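> Here you go, this is protein-v9.txt (compact mmCIF, C-alpha atoms and all ligand atoms).
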```
# COMPACT_ATOMS: atom_id res chain seq x y z
CA MET M 7 -124.02 -22.59 33.20
CA LYS M 8 -126.05 -19.39 33.17
CA ASP M 9 -125.23 -15.72 32.61
CA SER M 10 -121.47 -16.34 32.46
CA HIS M 11 -118.87 -15.02 30.04
CA VAL M 12 -117.21 -18.00 28.39
CA LEU M 13 -114.63 -18.72 25.68
CA VAL M 14 -115.04 -21.64 23.29
CA THR M 15 -111.87 -22.34 21.32
CA GLY M 16 -112.70 -24.32 18.20
CA GLY M 17 -116.31 -23.09 18.50
CA ALA M 18 -116.88 -23.19 14.72
CA GLY M 19 -116.24 -26.92 14.64
CA PHE M 20 -118.59 -29.86 14.98
CA ILE M 21 -118.69 -30.25 18.77
CA GLY M 22 -117.85 -26.60 19.49
CA SER M 23 -120.82 -25.23 17.53
CA ASN M 24 -123.23 -27.60 19.30
CA LEU M 25 -121.80 -26.43 22.61
CA VAL M 26 -122.16 -22.77 21.58
CA ARG M 27 -125.86 -23.35 20.80
CA HIS M 28 -126.51 -24.68 24.31
CA LEU M 29 -124.44 -21.95 25.96
CA ILE M 30 -126.38 -19.24 24.13
CA ASP M 31 -129.70 -20.92 24.94
CA GLN M 32 -128.77 -20.77 28.61
CA GLY M 33 -128.08 -17.04 28.51
CA ASN M 34 -124.28 -17.02 28.51
CA SER M 35 -122.18 -14.52 26.60
CA VAL M 36 -119.87 -16.43 24.28
CA VAL M 37 -116.56 -15.65 22.58
CA VAL M 38 -115.35 -18.08 19.91
CA LEU M 39 -111.71 -18.29 18.83
CA ASP M 40 -111.31 -20.35 15.67
CA ASN M 41 -109.01 -20.28 12.65
CA PHE M 42 -111.40 -22.34 10.47
CA MET M 43 -108.82 -25.02 9.83
CA SER M 44 -111.63 -27.58 10.03
CA GLY M 45 -114.52 -25.42 11.28
CA TYR M 46 -117.27 -23.70 9.26
CA ARG M 47 -118.58 -20.13 9.39
CA SER M 48 -122.06 -21.46 8.65
CA ASN M 49 -122.00 -23.38 11.96
CA LEU M 50 -122.05 -20.03 13.80
CA GLU M 51 -124.46 -18.13 11.53
CA PRO M 52 -127.49 -19.00 13.73
CA PHE M 53 -125.82 -17.21 16.68
CA PRO M 54 -125.41 -13.51 15.87
CA THR M 55 -124.62 -12.60 19.50
CA VAL M 56 -121.43 -14.69 19.51
CA ARG M 57 -118.25 -12.63 19.42
CA LEU M 58 -116.20 -14.38 16.76
CA LEU M 59 -112.44 -13.92 16.77
CA GLU M 60 -110.86 -15.43 13.70
CA GLY M 61 -107.46 -16.50 14.95
CA ASP M 62 -105.15 -19.22 16.03
CA VAL M 63 -104.55 -20.71 19.49
CA ARG M 64 -100.85 -20.59 18.58
CA ASP M 65 -101.08 -16.78 18.51
CA LYS M 66 -100.57 -15.49 22.09
CA THR M 67 -101.91 -12.01 21.41
CA MET M 68 -105.09 -13.39 19.90
CA VAL M 69 -105.63 -15.81 22.77
CA GLU M 70 -105.13 -12.99 25.31
CA GLU M 71 -107.69 -10.87 23.51
CA ALA M 72 -110.19 -13.75 23.53
CA MET M 73 -109.60 -14.41 27.25
CA LYS M 74 -110.58 -10.93 28.54
CA GLY M 75 -113.21 -11.18 31.30
CA VAL M 76 -113.74 -14.92 30.75
CA GLU M 77 -114.90 -17.13 33.66
CA VAL M 78 -114.82 -20.54 31.96
CA VAL M 79 -112.83 -21.77 28.94
CA PHE M 80 -114.04 -24.68 26.84
CA HIS M 81 -110.91 -25.68 24.91
CA LEU M 82 -111.84 -27.63 21.78
CA ALA M 83 -109.52 -26.14 19.14
CA ALA M 84 -107.24 -28.88 17.94
CA SER M 85 -105.70 -30.66 15.05
CA VAL M 86 -108.20 -33.52 15.16
CA GLY M 87 -107.79 -37.16 14.30
CA ASN M 88 -105.27 -39.97 13.95
CA LYS M 89 -104.89 -39.75 10.19
CA ARG M 90 -104.31 -35.98 10.19
CA SER M 91 -101.62 -36.42 12.85
CA ILE M 92 -99.87 -39.13 10.86
CA ASP M 93 -99.93 -36.87 7.78
CA HIS M 94 -98.96 -33.68 9.69
CA PRO M 95 -97.34 -34.63 13.01
CA VAL M 96 -95.56 -31.32 13.58
CA THR M 97 -98.65 -29.20 13.02
CA ASP M 98 -100.58 -31.58 15.28
CA ALA M 99 -98.10 -30.98 18.10
CA GLU M 100 -97.88 -27.23 17.54
CA ILE M 101 -101.64 -26.81 17.81
CA ASN M 102 -102.47 -29.42 20.45
CA VAL M 103 -99.49 -28.90 22.76
CA LEU M 104 -98.20 -25.36 22.25
CA GLY M 105 -101.69 -24.03 21.48
CA THR M 106 -102.99 -25.55 24.71
CA LEU M 107 -100.11 -23.99 26.65
CA ASN M 108 -101.00 -20.59 25.22
CA VAL M 109 -104.60 -21.07 26.33
CA LEU M 110 -103.51 -22.17 29.82
CA GLU M 111 -101.02 -19.33 30.28
CA SER M 112 -103.53 -16.77 29.16
CA ALA M 113 -106.30 -18.31 31.30
CA ARG M 114 -104.06 -18.26 34.36
CA LYS M 115 -103.16 -14.62 33.86
CA ALA M 116 -106.79 -13.65 33.28
CA GLY M 117 -107.97 -15.39 36.49
CA VAL M 118 -110.19 -17.92 34.71
CA ARG M 119 -112.09 -20.15 37.17
CA LYS M 120 -112.20 -23.32 35.10
CA ILE M 121 -110.94 -24.91 31.89
CA VAL M 122 -112.81 -27.83 30.38
CA THR M 123 -110.64 -29.42 27.71
CA SER M 124 -111.54 -31.92 25.01
CA SER M 125 -109.38 -35.02 25.22
CA SER M 126 -109.80 -38.30 23.37
CA ALA M 127 -110.03 -42.05 23.88
CA GLY M 128 -107.07 -42.09 21.47
CA ILE M 129 -104.80 -41.63 24.50
CA PHE M 130 -105.37 -45.26 25.56
CA GLY M 131 -104.09 -47.09 22.49
CA GLU M 132 -104.87 -50.79 22.13
CA LEU M 133 -107.40 -52.06 24.63
CA LYS M 134 -106.07 -54.15 27.51
CA THR M 135 -109.11 -54.34 29.77
CA MET M 136 -112.74 -53.67 29.03
CA PRO M 137 -114.69 -51.56 29.74
CA ILE M 138 -111.97 -48.91 29.67
CA ARG M 139 -111.68 -47.10 32.99
CA GLU M 140 -109.79 -43.87 33.48
CA ASP M 141 -106.87 -45.76 35.04
CA HIS M 142 -106.41 -47.96 31.94
CA PRO M 143 -102.77 -47.74 30.70
CA VAL M 144 -102.19 -44.83 28.33
CA GLU M 145 -100.15 -46.04 25.36
CA PRO M 146 -101.30 -44.01 22.37
CA ASP M 147 -100.68 -45.47 18.91
CA THR M 148 -100.57 -42.19 17.00
CA PRO M 149 -99.12 -38.68 17.32
CA TYR M 150 -102.69 -37.40 17.90
CA GLY M 151 -103.13 -39.70 20.92
CA CYS M 152 -99.78 -38.48 22.27
CA THR M 153 -100.58 -34.79 21.89
CA LYS M 154 -104.05 -35.16 23.43
CA LEU M 155 -102.46 -36.93 26.40
CA CYS M 156 -99.93 -34.12 26.70
CA GLU M 157 -102.79 -31.59 26.54
CA GLU M 158 -104.49 -33.37 29.45
CA LYS M 159 -101.34 -33.46 31.54
CA LEU M 160 -100.68 -29.77 30.92
CA CYS M 161 -104.19 -28.82 32.01
CA LEU M 162 -104.01 -30.97 35.14
CA SER M 163 -100.58 -29.63 36.07
CA TYR M 164 -101.95 -26.07 35.86
CA SER M 165 -104.79 -27.06 38.20
CA LYS M 166 -102.17 -28.21 40.72
CA LEU M 167 -99.90 -25.18 40.33
CA TYR M 168 -102.46 -22.37 40.10
CA PRO M 169 -105.96 -21.51 41.30
CA ILE M 170 -107.62 -22.80 38.10
CA GLU M 171 -109.76 -25.91 37.93
CA ALA M 172 -109.26 -28.28 35.00
CA VAL M 173 -111.46 -31.08 33.73
CA CYS M 174 -110.34 -33.15 30.74
CA LEU M 175 -113.12 -34.96 28.91
CA ARG M 176 -111.99 -38.08 27.07
CA TYR M 177 -114.49 -38.39 24.28
CA PHE M 178 -114.96 -41.70 22.57
CA ASN M 179 -116.53 -41.59 19.06
CA VAL M 180 -118.78 -38.54 18.86
CA TYR M 181 -121.47 -38.10 16.19
CA GLY M 182 -124.33 -35.71 15.46
CA PRO M 183 -125.39 -32.60 13.53
CA ASN M 184 -122.67 -30.37 12.06
CA GLN M 185 -120.39 -33.36 11.62
CA ARG M 186 -119.35 -33.20 7.99
CA TYR M 187 -117.56 -35.57 5.72
CA ASP M 188 -113.92 -34.79 5.02
CA ALA M 189 -110.74 -36.70 4.38
CA TYR M 190 -110.17 -36.97 8.14
CA GLY M 191 -113.81 -37.67 9.04
CA ASN M 192 -115.09 -40.29 11.41
CA VAL M 193 -116.85 -43.47 10.34
CA ILE M 194 -120.43 -42.26 10.84
CA PRO M 195 -120.26 -39.18 8.56
CA ILE M 196 -118.25 -41.15 6.03
CA PHE M 197 -120.85 -43.94 5.88
CA VAL M 198 -123.82 -41.56 5.82
CA PHE M 199 -122.47 -39.20 3.18
CA ARG M 200 -121.29 -42.06 0.97
CA MET M 201 -124.75 -43.61 1.21
CA LEU M 202 -126.33 -40.28 0.22
CA ARG M 203 -124.02 -40.10 -2.81
CA ASN M 204 -124.93 -43.67 -3.79
CA GLU M 205 -121.35 -44.78 -3.18
CA PRO M 206 -120.41 -48.11 -1.55
CA LEU M 207 -119.49 -48.13 2.16
CA LEU M 208 -115.96 -49.36 2.86
CA ILE M 209 -115.34 -51.25 6.10
CA TYR M 210 -111.70 -51.69 7.13
CA GLY M 211 -111.08 -55.30 8.19
CA ASP M 212 -113.84 -57.80 9.04
CA GLY M 213 -116.19 -55.18 10.54
CA GLU M 214 -116.40 -56.98 13.89
CA GLN M 215 -114.33 -54.27 15.57
CA THR M 216 -116.44 -52.32 18.09
CA ARG M 217 -116.80 -48.67 18.99
CA ASP M 218 -118.56 -46.70 21.72
CA PHE M 219 -120.47 -43.93 19.92
CA VAL M 220 -121.76 -40.95 21.89
CA HIS M 221 -124.14 -38.30 20.61
CA VAL M 222 -122.89 -34.72 20.57
CA ASP M 223 -125.77 -33.57 22.82
CA ASP M 224 -124.41 -35.87 25.51
CA VAL M 225 -120.91 -34.47 24.99
CA VAL M 226 -122.33 -30.97 25.40
CA GLN M 227 -124.07 -32.10 28.58
CA ALA M 228 -120.70 -33.33 29.90
CA ASN M 229 -119.02 -29.99 29.14
CA LEU M 230 -121.75 -27.97 30.86
CA LYS M 231 -121.90 -30.19 33.93
CA ALA M 232 -118.10 -30.33 34.24
CA ALA M 233 -117.97 -26.54 34.09
CA ASP M 234 -120.61 -26.20 36.82
CA ALA M 235 -119.08 -28.77 39.17
CA THR M 236 -117.10 -26.71 41.66
CA GLY M 237 -113.97 -28.35 43.04
CA VAL M 238 -113.88 -31.10 40.41
CA ASN M 239 -110.59 -31.65 38.55
CA GLY M 240 -109.27 -34.63 36.59
CA ALA M 241 -109.76 -36.65 33.42
CA TYR M 242 -113.01 -38.47 32.72
CA ASN M 243 -114.37 -40.79 30.04
CA ILE M 244 -117.26 -39.36 28.05
CA ALA M 245 -119.08 -41.99 26.03
CA SER M 246 -122.35 -43.87 25.88
CA GLY M 247 -121.09 -46.85 27.87
CA THR M 248 -122.39 -49.17 25.11
CA ARG M 249 -120.68 -50.51 21.98
CA VAL M 250 -121.62 -51.62 18.51
CA THR M 251 -119.74 -53.41 15.73
CA ILE M 252 -118.96 -51.50 12.56
CA ASN M 253 -121.00 -54.08 10.62
CA SER M 254 -124.07 -53.34 12.80
CA LEU M 255 -123.47 -49.62 12.48
CA ALA M 256 -123.52 -49.90 8.68
CA ASN M 257 -126.77 -51.88 8.86
CA ILE M 258 -128.47 -49.32 11.12
CA ILE M 259 -127.41 -46.42 8.89
CA THR M 260 -128.51 -48.05 5.64
CA LYS M 261 -131.70 -49.81 6.83
CA ASP M 262 -134.16 -47.13 5.65
CA ASN M 263 -132.35 -46.01 2.50
CA LEU M 264 -134.61 -46.17 -0.54
CA SER M 265 -132.02 -47.88 -2.76
CA PRO M 266 -129.75 -50.76 -1.66
CA VAL M 267 -126.30 -49.72 -0.39
CA GLU M 268 -123.24 -51.76 -1.32
CA ILE M 269 -120.94 -52.62 1.61
CA LYS M 270 -117.30 -53.53 0.81
CA HIS M 271 -114.43 -54.69 3.02
CA GLY M 272 -110.83 -53.48 2.72
CA PRO M 273 -107.58 -54.07 4.67
CA GLU M 274 -107.29 -53.03 8.32
CA ARG M 275 -105.88 -49.52 8.93
CA PRO M 276 -102.67 -48.97 10.92
CA GLY M 277 -103.29 -47.28 14.28
CA ASP M 278 -106.94 -48.42 14.55
CA VAL M 279 -107.82 -50.11 17.85
CA ARG M 280 -109.83 -53.36 17.70
CA HIS M 281 -112.36 -52.66 20.45
CA SER M 282 -113.55 -49.68 22.39
CA LEU M 283 -116.02 -49.42 25.27
CA ALA M 284 -115.90 -46.89 28.07
CA ASP M 285 -116.68 -47.11 31.75
CA ILE M 286 -118.40 -43.78 32.40
CA SER M 287 -119.14 -44.20 36.10
CA GLN M 288 -116.51 -41.66 37.24
CA ALA M 289 -118.06 -38.80 35.25
CA ASN M 290 -121.43 -39.83 36.61
CA GLN M 291 -120.22 -39.76 40.20
CA LYS M 292 -118.21 -36.54 39.96
CA PHE M 293 -120.53 -34.36 37.88
CA ASN M 294 -123.67 -36.37 37.24
CA PHE M 295 -122.94 -37.14 33.57
CA ALA M 296 -125.64 -39.42 32.18
CA PRO M 297 -125.92 -39.96 28.41
CA GLU M 298 -129.47 -39.73 27.13
CA VAL M 299 -129.41 -40.22 23.35
CA ASP M 300 -130.12 -43.75 22.07
CA LEU M 301 -127.85 -44.72 19.13
CA GLU M 302 -130.60 -45.66 16.67
CA ILE M 303 -132.60 -42.49 17.41
CA GLY M 304 -129.48 -40.34 17.24
CA LEU M 305 -128.43 -41.93 13.94
CA ASP M 306 -131.87 -41.41 12.37
CA ALA M 307 -131.73 -37.73 13.31
CA TYR M 308 -128.17 -37.47 11.98
CA VAL M 309 -129.14 -39.02 8.63
CA GLN M 310 -131.94 -36.42 8.35
CA TRP M 311 -129.47 -33.60 9.08
CA ALA M 312 -126.97 -35.03 6.59
CA ARG M 313 -129.63 -35.26 3.87
CA LYS M 314 -130.22 -31.51 4.20
CA ALA M 315 -126.47 -30.81 4.23
CA HIS M 316 -126.04 -33.05 1.17
CA LEU M 317 -128.76 -31.13 -0.69
CA GLY M 318 -127.15 -27.80 0.32
CA ILE M 319 -130.17 -26.75 2.44
CA ILE M 320 -127.90 -26.19 5.47
N1 LIG R 1 -115.31 -35.81 17.05
C1 LIG R 1 -114.85 -36.78 17.86
O1 LIG R 1 -115.28 -37.94 17.77
C2 LIG R 1 -113.79 -36.46 18.91
C3 LIG R 1 -113.33 -37.52 19.68
C4 LIG R 1 -112.36 -37.25 20.65
C5 LIG R 1 -111.92 -35.97 20.87
N2 LIG R 1 -112.40 -34.95 20.11
C6 LIG R 1 -111.89 -33.61 20.40
O2 LIG R 1 -112.96 -32.70 20.44
C7 LIG R 1 -112.53 -31.41 20.00
C8 LIG R 1 -113.46 -30.91 18.91
O3 LIG R 1 -113.40 -31.81 17.83
P1 LIG R 1 -114.45 -31.81 16.63
O4 LIG R 1 -114.80 -33.21 16.36
O5 LIG R 1 -115.51 -30.81 16.89
O6 LIG R 1 -113.51 -31.36 15.44
P2 LIG R 1 -113.56 -30.10 14.47
O7 LIG R 1 -112.42 -30.27 13.54
O8 LIG R 1 -114.92 -29.96 13.88
O9 LIG R 1 -113.32 -28.90 15.47
C9 LIG R 1 -112.04 -28.38 15.77
C10 LIG R 1 -112.14 -26.88 15.65
O10 LIG R 1 -110.88 -26.31 16.03
C11 LIG R 1 -110.54 -25.33 15.07
N3 LIG R 1 -109.08 -25.20 15.07
C12 LIG R 1 -108.17 -26.10 14.63
N4 LIG R 1 -106.93 -25.63 14.79
C13 LIG R 1 -107.06 -24.40 15.35
C14 LIG R 1 -106.13 -23.42 15.75
N5 LIG R 1 -104.80 -23.61 15.59
N6 LIG R 1 -106.59 -22.28 16.29
C15 LIG R 1 -107.93 -22.08 16.44
N7 LIG R 1 -108.86 -22.97 16.07
C16 LIG R 1 -108.42 -24.13 15.53
C17 LIG R 1 -111.08 -25.85 13.77
O11 LIG R 1 -111.21 -24.86 12.76
C18 LIG R 1 -112.42 -26.42 14.22
O12 LIG R 1 -113.43 -25.44 14.19
C19 LIG R 1 -111.09 -31.57 19.57
O13 LIG R 1 -110.25 -31.13 20.62
C20 LIG R 1 -110.93 -33.06 19.36
O14 LIG R 1 -109.60 -33.48 19.57
C21 LIG R 1 -113.32 -35.17 19.12
```
Mind turning the file's structure into structure tokens?
Ligand SMILES: NC(=O)c1ccc[n+]([C@@H]2O[C@H](COP(=O)([O-])OP(=O)(O)OC[C@H]3O[C@@H](n4cnc5c(N)ncnc54)[C@H](O)[C@@H]3O)[C@@H](O)[C@H]2O)c1

Amino acid sequence: MKDSHVLVTGGAGFIGSNLVRHLIDQGNSVVVLDNFMSGYRSNLEPFPTVRLLEGDVRDKTMVEEAMKGVEVVFHLAASVGNKRSIDHPVTDAEINVLGTLNVLESARKAGVRKIVTSSSAGIFGELKTMPIREDHPVEPDTPYGCTKLCEEKLCLSYSKLYPIEAVCLRYFNVYGPNQRYDAYGNVIPIFVFRMLRNEPLLIYGDGEQTRDFVHVDDVVQANLKAADATGVNGAYNIASGTRVTINSLANIITKDNLSPVEIKHGPERPGDVRHSLADISQANQKFNFAPEVDLEIGLDAYVQWARKAHLGII
């Protein structure tokens, strides 16, 4: 993507702000629409040329304002995560379903060429075959998985009804800079920030459950390539195509810490899948997606970023 006018909804968030950095680097003009529900102003401070609209994807007028003159929409704004959706299922649906419809309606009216939307491996539910291909049954275990699936289907139906292309990217577990610890955080920031606070790491269950972790730079690569790929529609897995146990993950994260880190085990969590590993060949074939960041290297860099965040330097 070069010299285009693009909208990033949720651009103040973890993945959105990494995407904004690459879009700016490549000479695009970028509008961000974000209500800061889980995003941070500081994530956008390095990018003074970004036009920031503080607003909600549920607000039609705001979305229409953000959409003016836009060629490509990267739709990342969402109520994110299984736990948040269990705690707040109605808000989850309002943002992820009705918010997405607002974005699609506005994009259609504005003549947007393409929407790249952020979906989730949470749509699959418990694993039946491995690695998980795109045609794996979709039986989500949480409201979040259901609303992300609905978001996908809405986007794809618009690509059939109207002259707008839609690519839905099913991220597996994403990690990298700007990923902060909060009550709804993912396992990597939780482990890293607890280690930095000298707190024990808590593993749910026996720790032999596996996850496919993908670095945010690779997720950004997928967004940019999907946007550039003319004539490509559909839903694609975005992951590393490798998996690691949670026990191994904890060992990699803690291996270089100066003081020993205590690792505890607690009961399994409802809604958590046992294993996760993606087949990423479709995204490779359709838009040349090829993850580049090795897990150990990516984790080392993330721990360095988190140390600075922990000390309040960034
Ligand atoms: N992080 C992951 O591992 C992961 C995995 C699968 C899918 N995803 C998807 O990727 C996208 C980005 O997730 P993230 O990890 O960067 O999370 P995030 O919480 O950091 O980013 C979401 C952003 O959306 C904004 N937002 C929330 N509700 C909004 C609303 N109503 N109007 C406008 N803005 C709103 C938040 O303030 C935040 O900046 C989401 O769609 C999420 O479902 C993330």
> Around ligand LIG 1 (chain R), which protein and nucleic acid residues have at least one atom no more than 8 Å from it, if we count all atoms listed in the file? List them as a PyMOL selection string.
chain M and resi 15-23+39-46+60-64+81-87+101-102+105+123-128+154+176-181+184-185+192
> Tell me which protein, DNA and RNA residues are within 10 Å of Val198 (chain M), counting only C-alpha atoms, leaving out same-chain ones fewer than 5 positions away, and put them as a ChimeraX atom specification.
/M:186-187,193,203-205,207,256,259-260,305,308-310,312-313,316
> Could you tell me which of M:Thr216, M:Asp285, M:Phe197, M:Lys66 comes closest to Glu268 (chain M) if we count all atoms listed in the file?
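Residue with the minimum atom-to-atom distance to Glu268 (chain M): M:Phe197.
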> Each residue of region 137-195 of chain M with at least one atom at most 10 Å from region 288-299 of chain M should appear once, together with its nearest atom pair and the corresponding distance in Å (one decimal); atoms considered: all atoms listed in the file; ordering: chain, then increasing residue number; output as CSV.

```
residue,atom,partner,partner_atom,distance
M:Arg139,CA,M:Gln288,CA,8.4
M:Glu140,CA,M:Gln288,CA,8.0
M:Leu175,CA,M:Ala289,CA,8.9
```
> Looking at M:Gly247, M:Gly272, M:Gly211, M:Gly237, which one is nearest to Arg119 (chain M), with distances taken over all atoms listed in the file?
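Of all the options, M:Gly237 lies closest to Arg119 (chain M).
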> Between M:Arg280, M:Arg200, M:His142, M:Lys159, which is the closest to Val103 (chain M) once you count all atoms listed in the file?
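Among the listed residues, the smallest separation from Val103 (chain M) belongs to M:Lys159.
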> Let me make sure I understand: among M:Ala113, M:Ile30, M:Ala315, M:Ala233, which one has the smallest atom-to-atom distance to Cys161 (chain M) if we use all atoms listed in the file?
M:Ala113
> So what do you get for CA of Val118 (chain M) versus CA of Lys231 (chain M), distance-wise?
17.0 Å
> Nearest to Leu255 (chain M): which of M:Ala235, M:Arg275, M:Gly213, M:Ser282 is it, counting only C-alpha atoms?
M:Gly213
> Could you check which of M:Lys74, M:Arg27, M:Arg90, M:His271 is closest to Pro52 (chain M), using all atoms listed in the file?
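Between M:Lys74, M:Arg27, M:Arg90, M:His271, the residue approaching Pro52 (chain M) most closely is M:Arg27.
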> Compile the contact shell of Gly117 (chain M) as a list of chain:residue names: residues with an atom at most 9 Å away, counting all atoms listed in the file, same-chain residues fewer than 6 positions apart removed.
M:Gly75, M:Val76, M:Glu77, M:Pro169, M:Ile170
> Near Arg57 (chain M), within 10 Å and counting only C-alpha atoms, which residues show up once chain neighbours fewer than 2 positions away are dropped, as number ranges by chain?
M: 13, 35-39, 53-55, 59-60, 72
> Once you have the residues from the selection above, write them out as a PDB file, in the frame of the given file, restricted to C-alpha atoms.

```
ATOM      1  CA  LEU M  13    -114.630 -18.720  25.680  1.00  0.00           C
ATOM      2  CA  SER M  35    -122.180 -14.520  26.600  1.00  0.00           C
ATOM      3  CA  VAL M  36    -119.870 -16.430  24.280  1.00  0.00           C
ATOM      4  CA  VAL M  37    -116.560 -15.650  22.580  1.00  0.00           C
ATOM      5  CA  VAL M  38    -115.350 -18.080  19.910  1.00  0.00           C
ATOM      6  CA  LEU M  39    -111.710 -18.290  18.830  1.00  0.00           C
ATOM      7  CA  PHE M  53    -125.820 -17.210  16.680  1.00  0.00           C
ATOM      8  CA  PRO M  54    -125.410 -13.510  15.870  1.00  0.00           C
ATOM      9  CA  THR M  55    -124.620 -12.600  19.500  1.00  0.00           C
ATOM     10  CA  LEU M  59    -112.440 -13.920  16.770  1.00  0.00           C
ATOM     11  CA  GLU M  60    -110.860 -15.430  13.700  1.00  0.00           C
ATOM     12  CA  ALA M  72    -110.190 -13.750  23.530  1.00  0.00           C
TER      13      ALA M  72
END
```
> Go ahead and compute the interatomic distance for CA of Lys134 (chain M) and CA of Asp147 (chain M), in Å to one decimal.
13.4 Å
> For CA of Asp224 (chain M) and CA of Lys120 (chain M), quote the distance in Å rounded to one decimal.
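It comes out at 20.0 Å.
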